[in-house]
file query_29.tsv (TSV, C-alpha atoms)
chain	number	residue	atom	x	y	z
A	887	MET	CA	25.95	31.68	103.53
A	888	ASN	CA	29.30	29.99	103.26
A	889	GLN	CA	31.00	28.92	100.04
A	890	THR	CA	30.16	25.24	100.45
A	891	ALA	CA	26.46	25.99	100.61
A	892	VAL	CA	26.70	28.14	97.48
A	893	GLN	CA	28.41	25.36	95.55
A	894	GLN	CA	25.83	22.85	96.65
A	895	LEU	CA	23.02	25.15	95.61
A	896	CYS	CA	24.60	25.73	92.18
A	897	SER	CA	25.07	22.02	91.76
A	898	GLU	CA	21.41	21.39	92.50
A	899	GLN	CA	20.35	24.04	89.96
A	900	THR	CA	22.66	22.94	87.12
A	901	GLU	CA	21.72	19.28	87.31
A	902	PRO	CA	18.21	19.78	85.81
A	903	ILE	CA	19.75	22.03	83.15
A	904	ARG	CA	22.25	19.34	82.22
A	905	CYS	CA	19.49	16.74	82.06
A	906	SER	CA	17.45	19.05	79.86
A	907	GLN	CA	20.43	19.59	77.56
A	908	GLN	CA	20.93	15.85	77.22
A	909	GLU	CA	17.25	15.42	76.45
A	910	LEU	CA	17.50	18.20	73.85
A	911	LYS	CA	20.45	16.46	72.26
A	912	LEU	CA	18.48	13.23	72.12
A	913	LYS	CA	15.51	15.10	70.66
A	914	ASP	CA	17.77	16.78	68.10
A	915	GLY	CA	19.12	13.38	67.07
A	916	GLU	CA	15.62	12.01	66.70
A	917	VAL	CA	14.54	15.07	64.70
A	918	GLU	CA	17.56	14.77	62.44
A	919	LYS	CA	16.88	11.09	62.02
A	920	LEU	CA	13.20	11.72	61.22
A	921	SER	CA	14.16	14.52	58.83
A	922	HIS	CA	16.44	12.12	56.99
A	923	VAL	CA	13.66	9.53	56.82
A	924	ARG	CA	11.26	12.22	55.56
A	925	ASP	CA	13.71	13.33	52.87
A	926	GLN	CA	14.23	9.74	51.82
A	927	VAL	CA	10.47	9.10	51.63
A	928	VAL	CA	9.94	12.29	49.60
A	929	GLU	CA	12.71	11.28	47.20
A	930	GLU	CA	11.28	7.80	46.77
A	931	LEU	CA	7.81	9.27	46.28
A	932	ASP	CA	9.13	11.61	43.58
A	933	GLU	CA	10.87	8.72	41.82
A	934	LEU	CA	7.72	6.61	42.06
A	935	THR	CA	5.57	9.44	40.70
A	936	SER	CA	7.97	10.02	37.83
A	937	SER	CA	8.09	6.32	37.08
A	938	LEU	CA	4.29	6.06	37.11
A	939	PHE	CA	3.95	9.06	34.81
A	940	GLN	CA	6.55	7.60	32.43
A	941	GLU	CA	4.83	4.21	32.47
A	942	ALA	CA	1.46	5.83	31.83
A	943	TYR	CA	2.98	7.86	28.98
A	944	ASP	CA	4.51	4.74	27.45
A	945	MET	CA	1.22	2.87	27.78
A	946	VAL	CA	-0.67	5.68	26.04
A	947	ASN	CA	1.91	5.83	23.24
A	948	LYS	CA	1.84	2.07	22.84
A	949	ALA	CA	-1.96	2.09	22.73
A	950	LYS	CA	-1.90	4.81	20.07
A	951	GLU	CA	0.65	2.87	18.02
A	952	GLN	CA	-1.41	-0.32	18.27
A	953	GLN	CA	-4.52	1.63	17.30
A	954	ALA	CA	-2.73	3.11	14.29
A	955	ILE	CA	-1.48	-0.35	13.25
A	956	ALA	CA	-4.97	-1.83	13.70
A	957	GLU	CA	-6.54	0.97	11.65
A	958	LYS	CA	-3.93	0.50	8.93
A	959	LYS	CA	-4.54	-3.26	8.82
A	960	MET	CA	-8.29	-2.68	8.74
A	961	LEU	CA	-7.90	-0.25	5.83
A	962	GLU	CA	-5.62	-2.66	3.97
A	963	SER	CA	-8.07	-5.51	4.57
A	964	ALA	CA	-10.95	-3.37	3.31
A	965	ASN	CA	-8.90	-2.47	0.22
A	966	LYS	CA	-8.07	-6.14	-0.40
A	967	VAL	CA	-11.72	-7.14	-0.05
A	968	GLU	CA	-12.74	-4.37	-2.44
A	969	MET	CA	-9.95	-5.38	-4.78
A	970	LEU	CA	-11.00	-9.04	-4.78
A	971	GLN	CA	-14.64	-8.13	-5.36
A	972	ALA	CA	-13.69	-5.93	-8.30
A	973	GLU	CA	-11.37	-8.63	-9.65
A	974	VAL	CA	-14.11	-11.29	-9.45
A	975	SER	CA	-16.60	-8.93	-11.07
A	976	ALA	CA	-14.17	-8.13	-13.88
A	977	LEU	CA	-13.38	-11.81	-14.39
A	978	LYS	CA	-17.08	-12.74	-14.56
A	979	GLN	CA	-17.71	-9.98	-17.06
A	980	MET	CA	-14.72	-11.06	-19.13
A	981	ILE	CA	-15.83	-14.71	-19.16
A	982	ARG	CA	-19.41	-13.78	-20.05
A	983	ALA	CA	-18.18	-11.57	-22.86
A	984	THR	CA	-16.10	-14.39	-24.38
A	985	GLN	CA	-18.62	-17.26	-24.06
A	986	PRO	CA	-19.06	-18.67	-27.61
A	987	ASN	CA	-22.64	-19.82	-27.06
A	988	GLN	CA	-23.86	-16.66	-25.43
A	989	SER	CA	-26.10	-14.52	-27.62
A	990	THR	CA	-24.89	-10.96	-27.36
A	991	VAL	CA	-25.38	-7.98	-29.61
A	992	GLN	CA	-22.70	-6.82	-32.00
A	993	SER	CA	-21.67	-3.88	-29.81
A	994	GLN	CA	-20.88	-6.23	-26.91
A	995	ARG	CA	-18.66	-8.53	-28.99
A	996	CYS	CA	-16.41	-5.92	-30.55
A	997	VAL	CA	-14.02	-3.19	-29.67
A	998	ALA	CA	-16.11	-0.03	-30.06
A	999	LEU	CA	-13.43	2.31	-31.31
A	1000	PRO	CA	-14.20	6.00	-31.92
A	1001	ALA	CA	-15.76	6.51	-35.34
A	1002	VAL	CA	-13.44	9.44	-36.05
A	1003	LEU	CA	-10.51	7.02	-36.15
A	1004	GLY	CA	-12.08	5.06	-38.98
A	1005	TRP	CA	-11.29	1.69	-37.38
A	1006	ALA	CA	-13.54	-1.36	-37.60
A	1007	CYS	CA	-14.82	-3.50	-34.74
A	1008	ILE	CA	-13.17	-6.81	-33.96
A	1009	ASP	CA	-16.06	-9.26	-34.12
A	1010	LYS	CA	-16.49	-12.91	-34.96
A	1011	SER	CA	-16.56	-12.23	-38.69
A	1012	SER	CA	-13.24	-10.35	-38.66
A	1013	GLU	CA	-10.35	-12.04	-40.42
A	1014	LEU	CA	-7.63	-13.09	-37.98
A	1015	ASN	CA	-3.97	-12.32	-38.55
A	1016	ALA	CA	-2.71	-15.79	-39.42
A	1017	GLU	CA	0.85	-15.18	-38.20
A	1018	TYR	CA	-0.23	-13.75	-34.83
A	1019	PHE	CA	-2.84	-16.48	-34.44
A	1020	GLN	CA	-0.34	-19.26	-35.07
A	1021	GLU	CA	2.04	-17.69	-32.54
A	1022	PHE	CA	-0.81	-17.61	-30.01
A	1023	VAL	CA	-1.76	-21.26	-30.68
A	1024	LYS	CA	1.88	-22.28	-30.21
A	1025	TRP	CA	2.08	-20.27	-26.97
A	1026	LEU	CA	-1.18	-21.88	-25.79
A	1027	GLY	CA	0.49	-25.30	-25.97
A	1028	ARG	CA	2.90	-24.26	-23.20
A	1029	PRO	CA	1.57	-20.98	-21.80
A	1030	SER	CA	3.87	-18.82	-19.69
A	1031	LEU	CA	4.68	-15.16	-19.10
A	1032	SER	CA	8.21	-15.50	-20.44
A	1033	ARG	CA	9.18	-12.80	-22.94
A	1034	GLU	CA	11.14	-15.40	-24.90
A	1035	SER	CA	8.04	-17.01	-26.44
A	1036	GLY	CA	7.25	-15.78	-29.94
A	1037	PHE	CA	3.74	-14.62	-29.09
A	1038	LEU	CA	4.68	-12.64	-25.98
A	1039	ALA	CA	7.84	-11.32	-27.63
A	1040	THR	CA	5.68	-9.83	-30.38
A	1041	CYS	CA	3.21	-8.38	-27.87
A	1042	TYR	CA	6.06	-6.98	-25.81
A	1043	ASP	CA	7.78	-5.28	-28.75
A	1044	ASP	CA	4.61	-4.02	-30.47
A	1045	ASP	CA	2.36	-3.08	-27.53
A	1046	ILE	CA	3.65	-3.57	-23.97
A	1047	ARG	CA	7.02	-1.82	-24.22
A	1048	PRO	CA	5.64	1.21	-26.13
A	1049	CYS	CA	2.67	1.44	-23.74
A	1050	ILE	CA	4.86	1.43	-20.66
A	1051	SER	CA	7.34	3.90	-22.12
A	1052	PHE	CA	7.49	7.05	-19.97
A	1053	LYS	CA	9.83	9.91	-19.27
A	1054	ASN	CA	11.08	8.17	-16.12
A	1055	ARG	CA	12.34	5.05	-17.91
A	1056	ALA	CA	13.87	3.39	-14.83
A	1057	PHE	CA	10.67	3.69	-12.79
A	1058	ALA	CA	8.60	2.46	-15.76
A	1059	ASP	CA	10.85	-0.63	-16.01
A	1060	ASN	CA	10.33	-1.30	-12.29
A	1061	ILE	CA	6.56	-1.04	-12.73
A	1062	LEU	CA	6.65	-3.54	-15.62
A	1063	VAL	CA	8.66	-5.98	-13.47
A	1064	SER	CA	6.05	-5.65	-10.70
A	1065	VAL	CA	3.26	-6.24	-13.23
A	1066	GLU	CA	4.98	-9.38	-14.52
A	1067	ARG	CA	5.53	-10.64	-10.95
A	1068	ASP	CA	1.88	-9.83	-10.09
A	1069	ILE	CA	2.80	-7.72	-7.04
A	1070	LEU	CA	1.90	-4.23	-8.26
A	1071	CYS	CA	-0.59	-2.42	-6.02
A	1072	MET	CA	-2.45	0.62	-7.36
A	1073	GLU	CA	-5.25	2.65	-5.83
A	1074	ALA	CA	-7.09	5.94	-5.98
A	1075	VAL	CA	-5.96	8.44	-3.36
A	1076	ALA	CA	-8.52	9.31	-0.66
A	1077	PRO	CA	-10.30	12.65	-1.31
A	1078	GLN	CA	-8.95	14.22	1.88
A	1079	VAL	CA	-5.32	13.51	0.91
A	1080	SER	CA	-3.38	16.32	-0.76
A	1081	CYS	CA	-2.06	15.13	-4.14
A	1082	PRO	CA	1.06	16.53	-5.85
A	1083	ASN	CA	1.09	17.90	-9.39
A	1084	TYR	CA	3.96	15.61	-10.27
A	1085	CYS	CA	3.68	12.15	-11.83
A	1086	SER	CA	6.41	9.66	-10.93
A	1087	LEU	CA	6.24	8.32	-14.50
A	1088	SER	CA	5.74	11.34	-16.74
A	1089	GLY	CA	6.91	14.27	-14.59
A	1090	PRO	CA	5.02	17.56	-13.99
A	1091	SER	CA	1.24	17.25	-14.36
A	1092	PRO	CA	-1.31	20.03	-15.03
A	1093	LYS	CA	-3.68	18.34	-12.58
A	1094	PRO	CA	-3.14	16.70	-9.17
A	1095	CYS	CA	-2.08	13.05	-9.46
A	1096	LYS	CA	-4.97	11.28	-7.72
A	1097	PHE	CA	-3.61	7.74	-8.08
A	1098	ARG	CA	-0.62	6.01	-6.51
A	1099	VAL	CA	1.29	2.75	-6.99
A	1100	LYS	CA	3.35	0.51	-4.74
A	1101	LEU	CA	5.90	-1.76	-6.40
A	1102	ASP	CA	6.32	-4.31	-3.60
A	1103	GLU	CA	5.38	-5.05	0.00
A	1104	SER	CA	7.06	-1.90	1.28
A	1105	ASN	CA	5.06	1.14	2.38
A	1106	THR	CA	6.51	3.40	-0.33
A	1107	TRP	CA	3.80	4.89	-2.54
A	1108	HIS	CA	4.42	6.77	-5.80
A	1109	PHE	CA	1.86	9.22	-7.19
A	1110	ILE	CA	0.93	8.91	-10.88
A	1111	SER	CA	-1.53	10.67	-13.15
A	1112	GLN	CA	-4.72	9.06	-14.42
A	1113	GLY	CA	-3.34	8.74	-17.94
A	1114	ALA	CA	-0.33	6.74	-16.69
A	1115	ARG	CA	-2.58	4.62	-14.49
A	1116	ASP	CA	-4.87	3.69	-17.41
A	1117	ARG	CA	-1.90	2.55	-19.48
A	1118	VAL	CA	-0.88	0.06	-16.77
A	1119	GLY	CA	-4.12	-1.29	-15.23
A	1120	HIS	CA	-7.92	-0.71	-15.43
A	1121	HIS	CA	-11.18	-1.71	-13.66
A	1122	SER	CA	-12.51	-0.27	-10.40
A	1123	VAL	CA	-11.38	1.49	-7.22
A	1124	VAL	CA	-8.55	-0.65	-5.83
A	1125	LEU	CA	-7.09	-3.78	-7.44
A	1126	GLN	CA	-3.92	-5.63	-6.57
A	1127	VAL	CA	-4.35	-9.28	-7.62
A	1128	GLY	CA	-3.75	-9.54	-11.33
A	1129	CYS	CA	-2.33	-5.99	-11.29
A	1130	SER	CA	-5.63	-4.37	-12.26
A	1131	ALA	CA	-6.50	-1.06	-10.62
A	1132	THR	CA	-8.83	1.94	-10.35
A	1133	VAL	CA	-10.14	4.33	-12.98
A	1134	VAL	CA	-4.95	12.39	-17.51
A	1135	HIS	CA	-2.57	9.98	-18.89
A	1136	SER	CA	-0.05	7.83	-16.95
A	1137	VAL	CA	-2.67	5.77	-15.03
A	1138	LEU	CA	-4.50	4.79	-18.25
A	1139	GLN	CA	-1.41	3.11	-19.70
A	1140	VAL	CA	-0.53	1.21	-16.52
A	1141	ALA	CA	-4.10	-0.13	-16.39
A	1142	ALA	CA	-4.08	-1.39	-19.98
A	1143	VAL	CA	-0.87	-3.39	-19.43
A	1144	CYS	CA	-2.25	-4.89	-16.19
A	1145	ASP	CA	-5.45	-5.98	-17.92
A	1146	PHE	CA	-3.47	-7.72	-20.64
A	1147	TYR	CA	-1.31	-9.63	-18.15
A	1148	SER	CA	-4.35	-10.47	-16.01
A	1149	TYR	CA	-6.09	-12.15	-18.94
A	1150	LEU	CA	-2.94	-14.11	-19.78
A	1151	ARG	CA	-2.86	-15.36	-16.17
A	1152	TYR	CA	-6.52	-16.39	-16.40
A	1153	ILE	CA	-5.66	-18.46	-19.48
A	1154	ILE	CA	-2.59	-20.04	-17.81
A	1155	ARG	CA	-4.64	-20.93	-14.69
A	1156	GLY	CA	-7.39	-22.49	-16.79
A	1157	ILE	CA	-10.04	-19.98	-15.71
A	1158	VAL	CA	-11.00	-18.96	-19.26
A	1159	LYS	CA	-13.15	-21.74	-20.74
A	1160	THR	CA	-13.78	-20.33	-24.22
A	1161	ASP	CA	-12.49	-21.54	-27.58
A	1162	VAL	CA	-9.11	-20.48	-28.91
A	1163	HIS	CA	-10.59	-17.96	-31.37
A	1164	SER	CA	-12.52	-16.15	-28.62
A	1165	MET	CA	-9.42	-16.00	-26.41
A	1166	PHE	CA	-7.37	-14.64	-29.30
A	1167	ARG	CA	-9.98	-11.96	-30.08
A	1168	GLU	CA	-10.05	-10.90	-26.42
A	1169	LEU	CA	-6.26	-10.55	-26.44
A	1170	ILE	CA	-6.49	-8.47	-29.62
A	1171	ARG	CA	-9.03	-6.26	-27.86
A	1172	LEU	CA	-6.69	-5.84	-24.88
A	1173	ARG	CA	-3.79	-5.04	-27.20
A	1174	THR	CA	-6.03	-2.44	-28.83
A	1175	GLU	CA	-6.65	-0.93	-25.38
A	1176	MET	CA	-2.90	-0.61	-24.89
A	1177	ALA	CA	-2.55	1.13	-28.25
A	1178	LEU	CA	-5.42	3.52	-27.49
A	1179	SER	CA	-4.14	4.32	-24.00
A	1180	ARG	CA	-0.94	5.69	-25.51
A	1181	LEU	CA	-3.16	8.32	-27.18
A	1182	GLY	CA	-5.04	8.99	-23.95
A	1183	LEU	CA	-8.11	7.09	-25.25
A	1184	THR	CA	-10.04	4.08	-23.99
A	1185	THR	CA	-13.05	2.02	-25.07
A	1186	LYS	CA	-14.26	1.64	-21.46

call {"tool": "encode", "arguments": {"input": "query_29.tsv", "output": "structure tokens"}}
result
Amino acid sequence: MNQTAVQQLCSEQTEPIRCSQQELKLKDGEVEKLSHVRDQVVEELDELTSSLFQEAYDMVNKAKEQQAIAEKKMLESANKVEMLQAEVSALKQMIRATQPNQSTVQSQRCVALPAVLGWACIDKSSELNAEYFQEFVKWLGRPSLSRESGFLATCYDDDIRPCISFKNRAFADNILVSVERDILCMEAVAPQVSCPNYCSLSGPSPKPCKFRVKLDESNTWHFISQGARDRVGHHSVVLQVGCSATVVHSVLQVAAVCDFYSYLRYIIRGIVKTDVHSMFRELIRLRTEMALSRLGLTTK
């Protein structure tokens, strides 16, 4: 076989190999291209999955927050309803107790003070303090909660200021301002809540402080003892309007002051429809409650 024939034979054999190599190169390009597309799809899928998980997480958190807000509003609404019911009940009882034409027994028309104190009941036959009564009649002509009036100035100096006097003087002053502005909120702490043995008004307490107060519309609560509570505001479980509150020492004083201011507001708003002597006797009874609360006592 001559050299020309050998070259021709080699050429015929290498041509398919060259074609196959070109096809392999094309295939490699397509594979590389598809691999790039696959990697891009996987990356986009990972980003989409992460985004969906994050969105789902945000939705769950938002739902939980909305649920917490709804539950809080529901609880506040329930407290307000309970507070209004207790306020109405207390007002009805107060009006019934001071009706001049209503026949009630002696024990219902007086301040039933402990016999051991040797104090007498304040009933219809009791002699009124002429000076205090004249101050009240003058105040009744233009009733207001201003401390500048002679009647309220006397009550403030003799009863309110001593009753609201606590170890934490600054906080006690803030409570009195809230009482005067009718924005004090006070309630009993739920049984499942852990209560501290420290009263915001009087300091360390031998028992857990199962009541708390809020001075304004903020969410800051301050724990106080029952004795302090009773000196600022009385009545039933939760009261905010008129500053009355739930039923040891700080709570008792806060309650007594709230009751006094509540009755003054009822007079100013024209809710109390009794004669001037009955109104004055009721105020004397409330002032007596403030004096008793300072000793940790109450006629309730």

call {"tool": "residues_around", "arguments": {"input": "query_29.tsv", "residues": "Arg1155 (chain A)", "least_positions_apart": "4", "cutoff": "12 Å", "atoms": "all atoms listed in the file", "output": "JSON, numbers by chain"}}
result
{"A": [1026, 1028, 1029, 1030, 1031, 1128, 1148, 1149, 1150, 1151, 1159]}

call {"tool": "closest_residue", "arguments": {"input": "query_29.tsv", "among": "A:Leu931, A:Val1158, A:Leu977, A:Leu1087", "to": "Ser1051 (chain A)", "atoms": "all atoms listed in the file"}}
result
A:Leu1087

call {"tool": "atom_distance", "arguments": {"input": "query_29.tsv", "atom1": "CA of Gly1027 (chain A)", "atom2": "CA of Val1162 (chain A)"}}
result
11.1 Å

call {"tool": "residues_around", "arguments": {"input": "query_29.tsv", "residues": "Val1063 (chain A)", "least_positions_apart": "6", "cutoff": "9 Å", "atoms": "only C-alpha atoms", "output": "list in words"}}
result
Ile1069, Leu1070 and Leu1101 of chain A

call {"tool": "closest_residue", "arguments": {"input": "query_29.tsv", "among": "A:Val927, A:Ser1111, A:Glu1017, A:Gln1078", "to": "Ser1091 (chain A)", "atoms": "all atoms listed in the file"}}
result
A:Ser1111

call {"tool": "closest_residue", "arguments": {"input": "query_29.tsv", "among": "A:Val923, A:Cys1041, A:Ala1076, A:Val917", "to": "Leu961 (chain A)", "atoms": "all atoms listed in the file"}}
result
A:Ala1076

call {"tool": "residues_near_point", "arguments": {"input": "query_29.tsv", "point": "(-10.1, 11.8, -2.1)", "cutoff": "12 Å", "atoms": "all atoms listed in the file", "output": "PyMOL selection string"}}
result
chain A and resi 1073-1081+1094-1098+1123

call {"tool": "closest_residue", "arguments": {"input": "query_29.tsv", "among": "A:Thr1040, A:Ser1088, A:Ser1064, A:Gln899", "to": "Glu1103 (chain A)", "atoms": "only C-alpha atoms"}}
result
A:Ser1064

call {"tool": "closest_residue", "arguments": {"input": "query_29.tsv", "among": "A:Ile955, A:Leu912, A:Val1099, A:Cys1085", "to": "Ile1061 (chain A)", "atoms": "all atoms listed in the file"}}
result
A:Val1099

call {"tool": "atom_distance", "arguments": {"input": "query_29.tsv", "atom1": "CA of Ala954 (chain A)", "atom2": "CA of Met969 (chain A)"}}
result
22.1 Å

call {"tool": "atom_distance", "arguments": {"input": "query_29.tsv", "atom1": "CA of Glu1034 (chain A)", "atom2": "CA of Ile1153 (chain A)"}}
result
17.9 Å
